[in-house]
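Next up, target_30.cif (mmCIF, C-alpha atoms (C1' of nucleotides) and all ligand atoms):
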```cif
data_target
#
loop_
_atom_site.label_atom_id
_atom_site.label_comp_id
_atom_site.auth_asym_id
_atom_site.auth_seq_id
_atom_site.Cartn_x
_atom_site.Cartn_y
_atom_site.Cartn_z
CA MET O 1 6.57 -7.28 19.07
CA LEU O 2 10.07 -8.54 19.48
CA LYS O 3 10.67 -6.30 16.55
CA VAL O 4 13.65 -4.24 15.61
CA SER O 5 12.60 -0.66 14.81
CA LYS O 6 12.37 0.58 11.26
CA LEU O 7 15.19 3.02 11.84
CA THR O 8 17.42 0.15 12.87
CA ASP O 9 16.51 -1.74 9.75
CA TYR O 10 17.36 1.30 7.66
CA GLY O 11 20.59 1.80 9.55
CA ILE O 12 21.76 -1.70 8.89
CA GLY O 13 20.79 -1.28 5.26
CA LEU O 14 23.04 1.77 5.06
CA MET O 15 25.88 -0.06 6.73
CA ALA O 16 25.51 -2.91 4.28
CA SER O 17 25.51 -0.45 1.44
CA LEU O 18 28.77 1.00 2.69
CA ALA O 19 30.25 -2.43 3.16
CA ARG O 20 29.57 -3.31 -0.45
CA ARG O 21 31.53 -0.30 -1.74
CA GLU O 22 35.00 -1.46 -0.99
CA GLY O 23 36.49 1.06 -3.39
CA ASP O 24 35.20 4.49 -2.37
CA ASN O 25 36.51 5.34 1.03
CA LEU O 26 34.24 8.31 1.59
CA VAL O 27 30.55 8.36 0.78
CA ALA O 28 28.29 11.35 1.33
CA ALA O 29 24.96 11.04 3.10
CA ARG O 30 23.23 12.44 0.03
CA GLU O 31 24.59 9.63 -2.06
CA LEU O 32 23.42 6.96 0.34
CA SER O 33 20.04 8.64 0.48
CA ALA O 34 19.80 8.54 -3.29
CA ASP O 35 20.49 4.88 -3.74
CA SER O 36 18.59 3.67 -0.72
CA GLY O 37 15.51 5.71 -1.51
CA LEU O 38 15.34 7.02 2.04
CA PRO O 39 14.82 10.73 2.76
CA LEU O 40 18.05 12.59 3.39
CA PRO O 41 17.23 13.81 6.92
CA THR O 42 16.57 10.28 8.04
CA VAL O 43 19.78 9.04 6.52
CA SER O 44 21.74 11.87 8.14
CA LYS O 45 20.35 11.14 11.56
CA LEU O 46 21.20 7.49 11.27
CA LEU O 47 24.72 8.05 10.02
CA LYS O 48 25.37 10.50 12.82
CA VAL O 49 24.24 8.02 15.42
CA LEU O 50 26.26 5.23 13.88
CA THR O 51 29.27 7.51 13.94
CA SER O 52 28.87 8.39 17.60
CA SER O 53 28.79 4.67 18.32
CA GLU O 54 32.07 4.40 16.48
CA LEU O 55 30.87 2.11 13.77
CA LEU O 56 31.51 4.79 11.17
CA VAL O 57 34.04 7.57 10.84
CA SER O 58 33.05 10.89 9.37
CA THR O 59 34.93 13.62 7.56
CA ARG O 60 33.36 17.03 7.57
CA GLY O 61 33.49 19.78 5.03
CA ALA O 62 33.36 19.73 1.28
CA SER O 63 34.02 16.31 -0.25
CA GLY O 64 33.57 14.82 3.17
CA GLY O 65 31.50 11.77 3.95
CA TYR O 66 31.32 8.56 5.89
CA ALA O 67 33.26 5.33 5.92
CA LEU O 68 33.28 2.17 7.98
CA ALA O 69 35.35 2.44 11.14
CA ARG O 70 36.28 -1.23 11.10
CA ARG O 71 36.35 -4.16 8.74
CA PRO O 72 32.85 -5.46 7.99
CA ASP O 73 33.65 -8.78 9.61
CA GLN O 74 34.49 -6.96 12.82
CA ILE O 75 31.05 -5.40 13.18
CA THR O 76 28.25 -7.54 14.55
CA LEU O 77 24.50 -7.24 14.40
CA VAL O 78 24.46 -6.47 18.11
CA ASP O 79 26.80 -3.53 17.55
CA MET O 80 24.53 -2.09 14.92
CA ILE O 81 21.24 -2.69 16.69
CA GLU O 82 22.48 -1.27 19.97
CA ALA O 83 23.90 1.74 18.18
CA VAL O 84 20.47 2.77 16.98
CA GLU O 85 18.18 1.65 19.77
CA GLY O 86 20.31 1.41 22.86
CA PRO O 87 21.30 -1.62 24.89
CA LEU O 88 19.00 -4.45 24.06
CA ALA O 89 17.18 -6.21 26.82
CA LEU O 90 14.38 -8.65 26.14
CA THR O 91 12.54 -7.53 29.28
CA GLU O 92 12.95 -4.93 31.99
CA CYS O 93 14.67 -7.50 34.13
CA SER O 94 16.95 -9.18 31.65
CA GLY O 95 19.47 -6.41 31.27
CA ASN O 96 22.61 -6.06 33.27
CA ALA O 97 21.33 -3.02 35.09
CA ALA O 98 19.85 -3.54 38.52
CA CYS O 99 16.26 -4.62 38.09
CA VAL O 100 13.89 -1.98 39.35
CA CYS O 101 10.89 -4.23 38.94
CA GLU O 102 8.96 -4.57 42.20
CA LEU O 103 7.43 -7.83 41.07
CA GLU O 104 10.74 -9.54 41.25
CA THR O 105 10.01 -11.45 44.42
CA THR O 106 6.68 -12.83 43.26
CA CYS O 107 7.50 -13.33 39.61
CA GLY O 108 10.98 -14.76 39.87
CA LEU O 109 11.51 -15.01 36.15
CA LYS O 110 14.46 -12.70 36.09
CA ALA O 111 17.14 -15.37 35.96
CA ASN O 112 15.35 -17.12 33.13
CA TRP O 113 14.91 -13.98 31.10
CA SER O 114 18.53 -13.07 31.55
CA TRP O 115 19.61 -16.45 30.31
CA ILE O 116 17.37 -16.26 27.27
CA ASN O 117 18.52 -12.75 26.56
CA GLN O 118 22.07 -13.98 26.61
CA GLN O 119 21.26 -16.70 24.12
CA LEU O 120 19.75 -14.22 21.70
CA LEU O 121 22.71 -11.92 22.06
CA ASN O 122 25.04 -14.79 21.27
CA THR O 123 23.09 -15.65 18.19
CA LEU O 124 23.12 -12.07 16.94
CA ARG O 125 26.74 -11.59 17.80
CA GLY O 126 27.56 -14.45 15.46
CA ILE O 127 26.34 -12.46 12.49
CA THR O 128 28.55 -9.74 11.06
CA LEU O 129 28.04 -6.84 8.72
CA GLN O 130 30.01 -8.83 6.19
CA ASN O 131 27.39 -11.57 6.37
CA MET O 132 24.58 -9.05 6.06
CA ALA O 133 26.14 -7.42 3.02
CA GLY O 134 26.15 -10.80 1.33
CA SER O 135 24.06 -13.81 2.16
CA VAL O 136 23.81 -14.87 5.77
CA ALA O 137 22.25 -18.14 4.80
CA ARG O 138 25.16 -19.02 2.55
CA ASP O 139 27.86 -17.97 4.99
CA LEU O 140 26.35 -19.78 7.93
CA ARG O 141 24.68 -22.58 6.08
CA THR O 142 26.55 -25.29 7.93
CA LEU O 143 25.31 -23.90 11.20
CA THR O 144 21.65 -23.92 10.35
CA ASN O 145 20.84 -26.93 12.44
CA GLU O 146 22.90 -26.06 15.43
CA ASN O 147 22.76 -22.29 15.54
CA THR O 148 25.54 -19.80 15.54
CA ILE O 149 27.79 -20.45 18.47
CA GLN O 150 31.13 -21.30 16.98
CA ASN O 151 33.20 -22.98 19.62
CA SER O 152 30.57 -25.47 20.58
CA THR O 153 31.68 -28.38 22.64
CA LYS O 154 29.31 -31.11 21.69
CA LYS O 155 27.53 -32.77 24.56
CA ALA O 156 24.69 -35.20 24.71
CA VAL O 157 21.32 -33.81 25.60
CA SER O 158 19.52 -35.71 28.30
CA MET Q 1 14.24 -2.25 21.33
CA LEU Q 2 14.09 -5.91 20.52
CA LYS Q 3 12.03 -5.99 23.65
CA VAL Q 4 9.06 -8.06 24.59
CA SER Q 5 6.19 -5.89 25.87
CA LYS Q 6 5.42 -5.65 29.57
CA LEU Q 7 2.06 -7.31 29.08
CA THR Q 8 3.78 -10.26 27.51
CA ASP Q 9 6.13 -10.49 30.44
CA TYR Q 10 3.18 -10.42 32.80
CA GLY Q 11 1.35 -12.99 30.73
CA ILE Q 12 4.21 -15.43 30.87
CA GLY Q 13 4.48 -14.83 34.58
CA LEU Q 14 0.85 -15.81 34.96
CA MET Q 15 1.34 -18.91 32.86
CA ALA Q 16 4.31 -19.89 34.97
CA SER Q 17 2.28 -19.33 38.09
CA LEU Q 18 -0.37 -21.68 36.76
CA ALA Q 19 2.20 -24.24 35.76
CA ARG Q 20 3.57 -24.35 39.28
CA ARG Q 21 0.18 -25.24 40.77
CA GLU Q 22 -0.10 -28.78 39.61
CA GLY Q 23 -2.81 -29.53 42.17
CA ASP Q 24 -5.56 -27.00 41.64
CA ASN Q 25 -7.11 -27.47 38.27
CA LEU Q 26 -9.08 -24.23 38.27
CA VAL Q 27 -7.68 -20.90 39.38
CA ALA Q 28 -9.65 -17.65 39.40
CA ALA Q 29 -8.27 -14.49 37.89
CA ARG Q 30 -8.67 -12.75 41.24
CA GLU Q 31 -6.42 -15.30 42.85
CA LEU Q 32 -3.70 -14.89 40.24
CA SER Q 33 -4.01 -11.15 40.59
CA ALA Q 34 -3.51 -11.41 44.32
CA ASP Q 35 -0.36 -13.42 44.28
CA SER Q 36 1.22 -11.73 41.28
CA GLY Q 37 0.56 -8.23 42.57
CA LEU Q 38 -0.89 -7.18 39.23
CA PRO Q 39 -4.19 -5.28 39.02
CA LEU Q 40 -7.16 -7.53 38.36
CA PRO Q 41 -8.29 -5.88 35.10
CA THR Q 42 -4.87 -6.40 33.60
CA VAL Q 43 -4.80 -10.01 34.67
CA SER Q 44 -8.26 -10.60 33.27
CA LYS Q 45 -7.38 -9.14 29.93
CA LEU Q 46 -4.29 -11.29 29.68
CA LEU Q 47 -6.01 -14.49 30.68
CA LYS Q 48 -8.75 -13.86 28.19
CA VAL Q 49 -6.26 -13.39 25.39
CA LEU Q 50 -4.29 -16.47 26.40
CA THR Q 51 -7.53 -18.43 26.37
CA SER Q 52 -8.49 -17.29 22.89
CA SER Q 53 -5.08 -18.47 21.74
CA GLU Q 54 -5.89 -21.85 23.23
CA LEU Q 55 -3.10 -21.88 25.74
CA LEU Q 56 -5.61 -21.82 28.59
CA VAL Q 57 -9.09 -23.20 29.03
CA SER Q 58 -11.68 -21.26 30.99
CA THR Q 59 -14.73 -22.22 32.92
CA ARG Q 60 -17.33 -19.54 33.44
CA GLY Q 61 -19.74 -19.01 36.26
CA ALA Q 62 -19.31 -19.29 39.97
CA SER Q 63 -16.30 -21.34 41.05
CA GLY Q 64 -15.00 -21.07 37.52
CA GLY Q 65 -11.47 -20.18 36.58
CA TYR Q 66 -8.58 -20.93 34.29
CA ALA Q 67 -6.33 -23.90 33.71
CA LEU Q 68 -3.58 -24.80 31.27
CA ALA Q 69 -4.86 -26.22 28.03
CA ARG Q 70 -1.81 -28.41 27.54
CA ARG Q 71 1.05 -29.84 29.53
CA PRO Q 72 3.62 -27.16 30.39
CA ASP Q 73 6.25 -28.92 28.33
CA GLN Q 74 4.00 -28.65 25.29
CA ILE Q 75 3.81 -24.86 25.43
CA THR Q 76 6.72 -22.89 24.02
CA LEU Q 77 7.85 -19.32 24.52
CA VAL Q 78 6.86 -18.57 20.95
CA ASP Q 79 3.33 -19.73 21.67
CA MET Q 80 3.05 -17.40 24.63
CA ILE Q 81 4.68 -14.37 23.08
CA GLU Q 82 2.64 -14.63 19.90
CA ALA Q 83 -0.53 -15.06 21.92
CA VAL Q 84 -0.08 -11.64 23.51
CA GLU Q 85 1.57 -9.61 20.80
CA GLY Q 86 0.75 -11.31 17.55
CA PRO Q 87 3.02 -13.05 15.07
CA LEU Q 88 6.57 -12.09 15.75
CA ALA Q 89 8.69 -10.74 12.96
CA LEU Q 90 12.03 -9.15 13.55
CA THR Q 91 11.46 -6.66 10.73
CA GLU Q 92 8.72 -5.75 8.31
CA CYS Q 93 10.25 -8.04 5.75
CA SER Q 94 11.14 -11.05 7.82
CA GLY Q 95 7.68 -12.44 8.31
CA ASN Q 96 6.06 -14.98 6.09
CA ALA Q 97 3.57 -12.52 4.74
CA ALA Q 98 4.33 -10.92 1.41
CA CYS Q 99 6.69 -8.04 2.02
CA VAL Q 100 5.04 -4.75 1.28
CA CYS Q 101 8.25 -2.80 1.69
CA GLU Q 102 9.02 -0.76 -1.43
CA LEU Q 103 12.69 -0.66 -0.58
CA GLU Q 104 13.01 -4.33 -1.24
CA THR Q 105 14.82 -3.96 -4.53
CA THR Q 106 17.42 -1.51 -3.26
CA CYS Q 107 17.88 -2.92 0.22
CA GLY Q 108 17.86 -6.62 -0.50
CA LEU Q 109 18.20 -7.64 3.10
CA LYS Q 110 14.95 -9.52 3.19
CA ALA Q 111 16.43 -12.98 2.80
CA ASN Q 112 18.95 -12.31 5.54
CA TRP Q 113 16.38 -10.99 7.96
CA SER Q 114 14.14 -13.95 7.32
CA TRP Q 115 16.95 -16.32 8.07
CA ILE Q 116 17.86 -14.55 11.28
CA ASN Q 117 14.24 -14.40 12.32
CA GLN Q 118 14.02 -18.13 11.83
CA GLN Q 119 17.05 -18.66 14.04
CA LEU Q 120 15.54 -16.65 16.86
CA LEU Q 121 12.26 -18.48 16.54
CA ASN Q 122 14.08 -21.78 16.78
CA THR Q 123 15.85 -20.66 19.91
CA LEU Q 124 12.63 -19.52 21.54
CA ARG Q 125 10.75 -22.59 20.46
CA GLY Q 126 13.28 -24.67 22.36
CA ILE Q 127 12.14 -23.15 25.64
CA THR Q 128 8.92 -24.39 27.19
CA LEU Q 129 6.63 -23.14 29.90
CA GLN Q 130 7.94 -25.98 32.02
CA ASN Q 131 11.44 -24.55 31.71
CA MET Q 132 10.20 -21.07 32.56
CA ALA Q 133 8.36 -22.27 35.64
CA GLY Q 134 11.61 -23.71 36.89
CA SER Q 135 15.10 -22.80 35.86
CA VAL Q 136 15.86 -22.51 32.18
CA ALA Q 137 19.57 -22.39 32.87
CA ARG Q 138 19.47 -25.68 34.76
CA ASP Q 139 17.27 -27.49 32.24
CA LEU Q 140 19.25 -26.41 29.23
CA ARG Q 141 22.64 -26.11 30.82
CA THR Q 142 24.25 -28.63 28.51
CA LEU Q 143 23.13 -26.63 25.55
CA THR Q 144 24.62 -23.34 26.64
CA ASN Q 145 27.48 -23.43 24.20
CA GLU Q 146 25.62 -24.68 21.21
CA ASN Q 147 22.18 -23.23 21.64
CA THR Q 148 18.84 -24.86 21.75
CA ILE Q 149 18.32 -26.81 18.59
CA GLN Q 150 17.95 -30.39 19.63
CA ASN Q 151 18.39 -32.58 16.60
CA SER Q 152 21.61 -31.00 15.50
CA THR Q 153 23.63 -32.83 12.93
CA LYS Q 154 27.15 -31.84 13.73
CA LYS Q 155 29.13 -30.45 10.83
CA ALA Q 156 32.47 -28.76 10.59
CA VAL Q 157 32.44 -25.02 10.17
CA SER Q 158 34.65 -23.76 7.38
"C1'" DT H 1 39.12 34.94 1.19
"C1'" DT H 2 34.87 33.68 -0.10
"C1'" DC H 3 31.55 30.22 -1.28
"C1'" DA H 4 29.65 25.77 -1.96
"C1'" DT H 5 29.30 21.47 0.26
"C1'" DA H 6 29.31 18.46 3.72
"C1'" DT H 7 28.52 16.78 8.59
"C1'" DA H 8 26.89 18.09 13.58
"C1'" DG H 9 23.55 19.52 16.53
"C1'" DT H 10 19.05 20.81 18.15
"C1'" DA H 11 14.37 21.08 18.40
"C1'" DC H 12 9.81 20.03 17.12
"C1'" DC H 13 5.45 17.48 15.83
"C1'" DG H 14 1.96 13.92 14.49
"C1'" DT H 15 0.76 9.22 14.84
"C1'" DA H 16 0.29 4.88 16.77
"C1'" DA H 17 1.21 1.41 20.01
"C1'" DC H 18 1.37 0.47 24.81
"C1'" DA H 19 -0.53 0.16 29.43
"C1'" DG H 20 -4.00 0.86 32.45
"C1'" DT H 21 -8.94 1.42 33.83
"C1'" DA H 22 -13.95 1.31 33.95
"C1'" DC H 23 -18.21 -0.56 32.90
"C1'" DT H 24 -21.59 -3.92 31.18
"C1'" DC H 25 -23.12 -8.59 29.65
"C1'" DT H 26 -23.34 -13.54 30.13
"C1'" DT H 27 -22.76 -17.92 32.34
"C1'" DT H 28 -22.96 -21.07 36.25
"C1'" DC H 29 -23.25 -22.88 40.93
"C1'" DG H 30 -25.45 -22.75 45.45
"C1'" DC T 1 -32.87 -15.81 42.59
"C1'" DG T 2 -28.30 -13.98 43.47
"C1'" DA T 3 -23.46 -14.11 44.12
"C1'" DA T 4 -19.29 -15.15 41.64
"C1'" DA T 5 -16.75 -15.68 37.87
"C1'" DG T 6 -15.32 -14.96 32.94
"C1'" DA T 7 -16.38 -12.28 28.24
"C1'" DG T 8 -16.79 -8.25 25.89
"C1'" DT T 9 -16.43 -3.31 24.88
"C1'" DA T 10 -14.84 1.12 25.22
"C1'" DC T 11 -12.16 4.86 26.85
"C1'" DT T 12 -7.96 7.29 28.44
"C1'" DG T 13 -3.14 8.98 29.26
"C1'" DT T 14 1.56 8.29 28.18
"C1'" DT T 15 5.33 7.18 25.68
"C1'" DA T 16 8.24 5.87 21.85
"C1'" DC T 17 8.58 5.96 17.05
"C1'" DG T 18 9.24 8.13 12.77
"C1'" DG T 19 9.70 12.01 10.18
"C1'" DT T 20 10.96 16.98 9.33
"C1'" DA T 21 12.96 21.56 9.66
"C1'" DC T 22 16.39 24.67 10.88
"C1'" DT T 23 20.89 26.25 12.44
"C1'" DA T 24 25.85 25.81 13.33
"C1'" DT T 25 30.36 24.31 12.08
"C1'" DA T 26 34.13 22.48 9.36
"C1'" DT T 27 36.64 22.04 4.97
"C1'" DG T 28 38.13 22.09 0.20
"C1'" DA T 29 38.14 24.68 -4.01
"C1'" DA T 30 37.46 28.67 -6.95
S1 LIG O 201 9.04 -8.88 35.98
FE1 LIG O 201 10.83 -8.29 37.16
S2 LIG O 201 11.44 -10.22 37.99
FE2 LIG O 201 9.72 -10.80 36.74
S1 LIG O 202 13.50 -3.16 4.14
FE1 LIG O 202 12.16 -4.44 2.93
S2 LIG O 202 13.65 -5.61 1.81
FE2 LIG O 202 14.95 -4.37 3.13
#
```
The structure given in the file should be rewritten as structure tokens.
Ligand code: FES
Ligand code: FES
Amino acid sequence: MLKVSKLTDYGIGLMASLARREGDNLVAARELSADSGLPLPTVSKLLKVLTSSELLVSTRGASGGYALARRPDQITLVDMIEAVEGPLALTECSGNAACVCELETTCGLKANWSWINQQLLNTLRGITLQNMAGSVARDLRTLTNENTIQNSTKKAVS
Amino acid sequence: MLKVSKLTDYGIGLMASLARREGDNLVAARELSADSGLPLPTVSKLLKVLTSSELLVSTRGASGGYALARRPDQITLVDMIEAVEGPLALTECSGNAACVCELETTCGLKANWSWINQQLLNTLRGITLQNMAGSVARDLRTLTNENTIQNSTKKAVS
DNA sequence: TTCATATAGTACCGTAACAGTACTCTTTCG
DNA sequence: CGAAAGAGTACTGTTACGGTACTATATGAA
């Protein structure tokens, strides 16, 4: 239902948790499990996936753990969502991949969906892990009535 | 995956198809099935659901059919998506309903998700069936770099 | 060098939502 | 009446989600 999966939600929660600990540069999965209340296996799976998407770096062995791969303001919502649930496309047709939908000729909504998809991506790309770790509403307050695109060139709307 | 379900896609396709036929004021499900290429039972189910959400009006009996309940520019994407797949909430916590998530205290992302959800809703609410029946990109071209909120009060971003 | 601790990798399973289909009932026009 | 159309119900197969268990590998410390 235009919903982000639970796992994704959890994953972003973990990222935010890591972002808030500026001090410790290595945090074990067990620790994150403890203070998020999520079962360890779930946390492990998520951290692994986030690592393979290069949002986290991991150190194995005793006293190992995870840390952010980049500065929190260099990681966007799109990065995190796509890490967990793959490239996000609003519909079958809206992705960049060649549309395999046979209805394309009769339906003809593909261009529209792609455009909308792009808008949503832009909105989500404007929100960073840094924002999520704090208050998005505060950080982007001034944008509330015009959305998140930064370099907007103001034009009149017909 | 932040994806709208196939049925929803179909449903919007049907709505668009209806919007394009300004002339005929009653179209049978069988007819829509024929020129969309979708199986009749699927089309019927969708039309029924769209009717119960008051986006369409139906006339029963012989020579009955469906018609738009409102002008195409008075029907938004949110209306259509919610008709098929229920109220749309990006996460468990982002809806208006009381959050039942027990992680609320430790995760504390609820406010952020709600805000983001609201942004997406605003974007989608700015797109009407009329736009979808034609070209969204053309209609909203001037808004491409600042998104779809109309009554924006321009402010500087810090 | 051995052991405890940590991540990496794999594999599996139960549930629920999605997507499709079939069948029956009711209404209305000719 | 009877054909045509929508309304309602019920069932099914498939897939993705969410959770769990188990094993392998790497590393620091005793
Ligand atoms: S569903 Fe593929 S083009 Fe519309
Ligand atoms: S998951 Fe419910 S508040 Fe974060």
Closest-contact table, chain Q side, partner ligand LIG 201 (chain O), 12 Å, counting all atoms listed in the file, as a tab-separated table:
```
residue	atom	partner	partner_atom	distance
Q:Val4	CA	O:LIG201	S1	11.4
Q:Ser5	CA	O:LIG201	S1	10.9
Q:Lys6	CA	O:LIG201	S1	8.0
Q:Leu7	CA	O:LIG201	S1	9.9
Q:Thr8	CA	O:LIG201	S1	10.1
Q:Asp9	CA	O:LIG201	S1	6.5
Q:Tyr10	CA	O:LIG201	S1	6.8
Q:Gly11	CA	O:LIG201	S1	10.2
Q:Ile12	CA	O:LIG201	FE2	9.3
Q:Gly13	CA	O:LIG201	FE2	7.0
Q:Leu14	CA	O:LIG201	FE2	10.3
Q:Ala16	CA	O:LIG201	FE2	10.7
Q:Ser17	CA	O:LIG201	FE2	11.4
Q:Ser36	CA	O:LIG201	FE2	9.7
Q:Gly37	CA	O:LIG201	S1	10.8
Q:Leu38	CA	O:LIG201	S1	10.6
Q:Met132	CA	O:LIG201	FE2	11.1
Q:Ala133	CA	O:LIG201	FE2	11.6
```
Query raised in the report: Taking into account only C-alpha atoms (C1' of nucleotides), which residue in the set Q:Ala62, Q:Leu50, Q:Leu32, Q:Leu40 is nearest to chain H?
Result: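 Among Q:Ala62, Q:Leu50, Q:Leu32, Q:Leu40, it is Q:Ala62 that comes nearest to chain H.
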Taking all atoms listed in the file into account, produce a table as a Markdown table in which each residue of chain O with an atom at most 8 Å from an atom of chain T appears once, together with its shortest atom pair and the distance in Å to one decimal, ordered by chain and rising number.
```
| residue | atom | partner | partner_atom | distance |
| --- | --- | --- | --- | --- |
| O:Leu7 | CA | T:DG18 | C1' | 7.9 |
| O:Pro41 | CA | T:DT20 | C1' | 7.4 |
| O:Thr42 | CA | T:DG19 | C1' | 7.4 |
| O:Arg60 | CA | T:DA26 | C1' | 5.8 |
| O:Gly61 | CA | T:DT27 | C1' | 3.9 |
| O:Ala62 | CA | T:DG28 | C1' | 5.4 |
| O:Ser63 | CA | T:DG28 | C1' | 7.1 |
```
Query raised in the report: What residues in chain H lie within 7 Å of chain Q, counting only C-alpha atoms (C1' of nucleotides), written as a VMD selection string?
Result: chain H and resid 27 to 29
Produce a file of the selected residues containing C-alpha atoms (C1' of nucleotides), as a JSON list (two decimals), keeping the file's coordinate frame.
```json
[["chain", "number", "residue", "atom", "x", "y", "z"],
["H", 27, "DT", "C1'", -22.76, -17.92, 32.34],
["H", 28, "DT", "C1'", -22.96, -21.07, 36.25],
["H", 29, "DC", "C1'", -23.25, -22.88, 40.93]]
```
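For the choices O:Leu47, O:Val136, O:Ala34, O:Ile75, the atom-to-atom distance to chain Q is smallest for O:Val136 when using all atoms listed in the file.
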Query raised in the report: How far is it from CA of Thr76 (chain Q) to CA of Ile127 (chain Q), in Å with one decimal?
Result: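 So the answer is 5.7 Å.
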**Report entry** Point-to-point distance in Å for CA of Leu88 (chain O) and CA of Asn117 (chain Q)
**Finding:**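 Calculated distance between CA of Asn117 (chain Q) and CA of Leu88 (chain O) is 16.1 Å.
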**Report entry** Point-to-point distance from CA of Glu54 (chain O) to CA of Ala19 (chain O), Å rounded to tenths
**Finding:**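 Separating CA of Glu54 (chain O) from CA of Ala19 (chain O) is a distance of 15.1 Å.
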Name the residues within 9 Å of (35.1, -6.0, 7.7), counting all atoms listed in the file in the file's coordinates, and put them as a short mmCIF file (atom, residue, chain, number, x, y, z; two decimals) with C-alpha atoms, keeping the file's coordinate frame.
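Contents of point_26.cif, freshly written:
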```cif
data_model
loop_
_atom_site.label_atom_id
_atom_site.label_comp_id
_atom_site.auth_asym_id
_atom_site.auth_seq_id
_atom_site.Cartn_x
_atom_site.Cartn_y
_atom_site.Cartn_z
CA ALA O 19 30.25 -2.43 3.16
CA LEU O 68 33.28 2.17 7.98
CA ARG O 70 36.28 -1.23 11.10
CA ARG O 71 36.35 -4.16 8.74
CA PRO O 72 32.85 -5.46 7.99
CA ASP O 73 33.65 -8.78 9.61
CA GLN O 74 34.49 -6.96 12.82
CA ILE O 75 31.05 -5.40 13.18
CA THR O 128 28.55 -9.74 11.06
CA LEU O 129 28.04 -6.84 8.72
CA GLN O 130 30.01 -8.83 6.19
#
```
Requested in this report: For a cut-off of 7 Å around (35.2, 6.1, 12.1), file coordinates, pick out all residues using only C-alpha atoms (C1' of nucleotides) and list them as a list in words.
Outcome: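 Those within range, by chain then number, are Thr51, Glu54, Leu55, Leu56, Val57, Ser58, Ala67, Leu68 and Ala69 of chain O.
Nearest to chain Q of all the residues O:Glu85, O:Ser114, O:Asp139, O:Leu77 is O:Glu85, counting only C-alpha atoms.
Proximity of Q:Asp35, Q:Leu46, Q:Gly65, Q:Arg30 to chain O, computed with all atoms listed in the file, is greatest for Q:Asp35.
Residues in contact range of Ile116 (chain O), defined as at most 10 Å between all atoms listed in the file, with sequence neighbours fewer than 2 positions away removed, read Leu90, Ser94, Lys110, Ala111, Asn112, Trp113, Ser114, Gln118, Gln119, Leu120, Leu121 and Asn122 of chain O; Thr123, Leu124, Ile127, Val136 and Ala137 of chain Q.
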